[in-house]
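Down below is the structure, laid out as structure tokens.
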Amino acid sequence: MNHWIIVPVLLPALLAAVLTLAMRYHIGLQRVFSVAGCVVLLAVALGLLIHAGSGAVEVYELGNWPAPFGIVLVLDRLSAVMVALTAVLALVVLLYAIGSGWDARGSNFHPLWQFQLMGICGAFLTGDAFNLFVFFEVLLIASYGLMIHAGGARRLKAGVQYVIYNLLGSTLFLFALGTLYAVTGTLNMADMAERAAQIPFDDSALLRVGAMLLFGVFAIKAALLPLHFWLPNTYAEAPAPVAALFAIMTKVGAYAILRFYTLIFGPDLGATAALIDDILLYGALLTLAVGMIGILGARRLGRLAAFAAIGSMGTLLIAIAGFTEATTAAAIYYAIHSTLAGALLFLVVDLVRERRGATAGALVPGPRLAQHGIVAALWFGAAIATAGMPPLSGFIGKLLVLDATRDMAAVWLIWAAILVTSLVAILGLAQAGSVVFWKTTESAATAEAAEPPPAPPPALPLVACFTLLGGIVALSVFAGPVTRYLEATAAQLHAPAAYIAAVLGQG
Amino acid sequence: MELLMASAIGVMTAAGLYLVLRLRTFPVILGLALLTYAVNYFLFSTGRLAVNMPPVLRNGVETHTDPLPQALVLTAIVISFGMTAVVVMMALGTYLTARDDDVTLPPEDSTEREGGA
């Protein structure tokens, strides 16, 4: 048994406890240990990524209980990719949070951050449906704390909304799991896949109910229209580094859809075949449209970035709705890209807000920013990545999605939606950028000249932003090797027999 | 007993949803609590309803009830208890800061500083 598989769950959990108990009032020590933890997590995640590249499905049996009875963690290529993505994002955004001082604006930022990482990594690694629920709750509880970090009436109110919405989602998750347990008599995902395949079609009504309920839960997490209402307020009001980390949270929902509807309710299962494909596809098209139109209509930068996140989930879910190897590979590539790009956009928006003083995030002409050129260049890069223009990876991702959906029935609708909404996004982002960076007010410039020059802002936030941009560039430059890895990932996902055999010990 | 369980779950879910839709924090929290009760009973019933049976198979015992849903319910109770505590604290904090218990966000004031601390 490979004990490294449990490290991405255990390390943040232990670190969070140590941070809370031993160095509660030492923000400096917390920063050092939190960053060190993220670096180790990243190293382990990259090791697991290389390890999973061999194509073997590794199983970690907790307490050494064999699979259908005990809880298992499963490492396959998809889990490894998502954990590595989480680790990269967590480290870079943590550096931003430290550099910008966000982590010192309230208490317990770093322990909550680590608990959040524990929940996300656990959700990606677990091979047990109820354990997935537990890890969802872990990441949600941590996210409630992070969401209202630093306080404020509007943020608290948005936080309460977010909590209520997710508690309803959790209740629905339990109903879905209960239904599935009543039908299949197991909660282990591989075992459930085997037993679901044995249920005759005439007896499968409850199975379909469970599958649809579960889809509803994951659609809430993935912000699929019309279940996206929690996202704009939450992301716009959350502290910027937290919103940037939340970029991976919507992907947890997308990951769960991908996992459950290839492994358990796969295309070969007669009872649930094509049950969600159409709903997912048309919902995703609407999500894409609403997200990109939201970019055009947003009057504040925070909401603009939130709607960009919704739009990117639309493109991602369109690709997932194909449920073929090509579309799945494209979906995972786009998921990696949109996580980095979404996080970058939130961080750049925060750079602008922090520098604009009273105007903050409102899209009205404001004063000229400190480090105007650098922030404008970052905005330009983030906008290109978000809209999916060449040369960055958003373009490659969208191209992969367009190419992979060529054989689908609704191909013209998909192509039209993706291409038109890209144009809308370009317009919206260009409009916002020109208002913020070009229409600067003269009065502020003269007032600034009279005052003594303020201390230069810290460099670490900019470094973090450029690292994210560098990640997007690297994803474009190494698109060849990355897509080869992801094609192998998709092939592994669409041949679940190896996964089931590995978990149930028949391999 | 099946009818009693089913109607209890149904009534609690309906009442919970009604209270959640009131959009005031106190009824919403009560509604969420009712919903978690409903889901706990539902989880119990997923192992089939059985009375006076041991939860484990032993020598001399012919029939037994499914022990797994009971463990699941225990986990669900603990999580929902913690969640209710969190949402009560957050709702209280919101009420004390914003001076109202409405769940909906007020329309954005363009002069208000967004995202700052």
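So you can find residues: chains in the structure tokens are A, B, ... in the order shown, residues in each start at 1, and ligands are numbered from 1 in order.
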
- Task: Pick out each residue of chain B that DSSP on the backbone tags as helix (DSSP H, G or I); I need them as JSON, numbers by chain.
- Result: {"B": [2, 3, 4, 5, 6, 7, 8, 9, 10, 11, 12, 13, 14, 15, 16, 17, 18, 19, 20, 25, 26, 27, 28, 29, 30, 31, 32, 33, 34, 35, 36, 37, 38, 39, 40, 41, 42, 43, 44, 45, 68, 69, 70, 71, 72, 73, 74, 75, 76, 77, 78, 79, 80, 81, 82, 83, 84, 85, 86, 87, 88, 89, 90, 91, 92, 93, 94, 95, 96, 97, 98]}

- Dump as JSON, numbers by chain the residues of chain B that approach chain A to within 9 Å, counting only C-alpha atoms. {"B": [20, 25, 28, 29, 32, 35, 36, 39, 40, 42, 43, 44, 45, 46, 47, 48, 69, 72, 75, 76, 79, 80, 82, 83, 84, 86, 87, 90, 91, 93, 94, 95, 96, 97, 98, 102, 103, 104, 105, 106, 110, 111, 112, 113, 114, 115, 116, 117]}

- Distance atom CA of A:Leu475-atom CA of A:Pro232, one decimal place? 27.3 Å

- Query: So what do you get for atom CA of A:Arg356 versus atom CA of A:Val436, distance-wise?
  - Reply: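 One can read the atom CA of A:Arg356 to atom CA of A:Val436 distance as 9.3 Å.
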
- Message: I need the residue nearest A:Phe215 from this list: A:Gly169, A:Gly37, A:Gly397, A:Gly366. Use only C-alpha atoms for the distance.
- Response: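 Of A:Gly169, A:Gly37, A:Gly397, A:Gly366, the one nearest A:Phe215 is A:Gly169, counting only C-alpha atoms.
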
- Item | Shell of 9 Å around A:Thr328, only C-alpha atoms, local chain residues under 3 positions omitted, as a PyMOL selection string | chain A and resi 258+319-325+331-333+401+404+486-487+489-491+493-494

- Compile the contact shell of B:Glu62 as a PyMOL selection string: residues with an atom at most 10 Å away, counting only C-alpha atoms, same-chain residues fewer than 5 positions apart removed. chain B and resi 53-54+57

Any chance you could export the current selection's N, CA and C atoms as a PDB file, in the first residue's frame?
ATOM      1  N   MET B  53     -34.538  -5.928  16.544  1.00  0.00           N
ATOM      2  CA  MET B  53     -33.548  -6.841  15.979  1.00  0.00           C
ATOM      3  C   MET B  53     -32.166  -6.312  16.298  1.00  0.00           C
ATOM      4  N   PRO B  54     -31.209  -7.211  16.566  1.00  0.00           N
ATOM      5  CA  PRO B  54     -29.847  -6.746  16.856  1.00  0.00           C
ATOM      6  C   PRO B  54     -29.190  -6.219  15.582  1.00  0.00           C
ATOM      7  N   LEU B  57     -24.850  -9.599  13.244  1.00  0.00           N
ATOM      8  CA  LEU B  57     -25.173 -11.017  13.118  1.00  0.00           C
ATOM      9  C   LEU B  57     -24.326 -11.790  14.119  1.00  0.00           C
TER      10      LEU B  57
END

- Query: How far is it from atom CA of A:Ala432 to atom CA of A:Leu316, in Å with one decimal?
  - Reply: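 About the pair atom CA of A:Ala432 and atom CA of A:Leu316: they are 24.2 Å apart.
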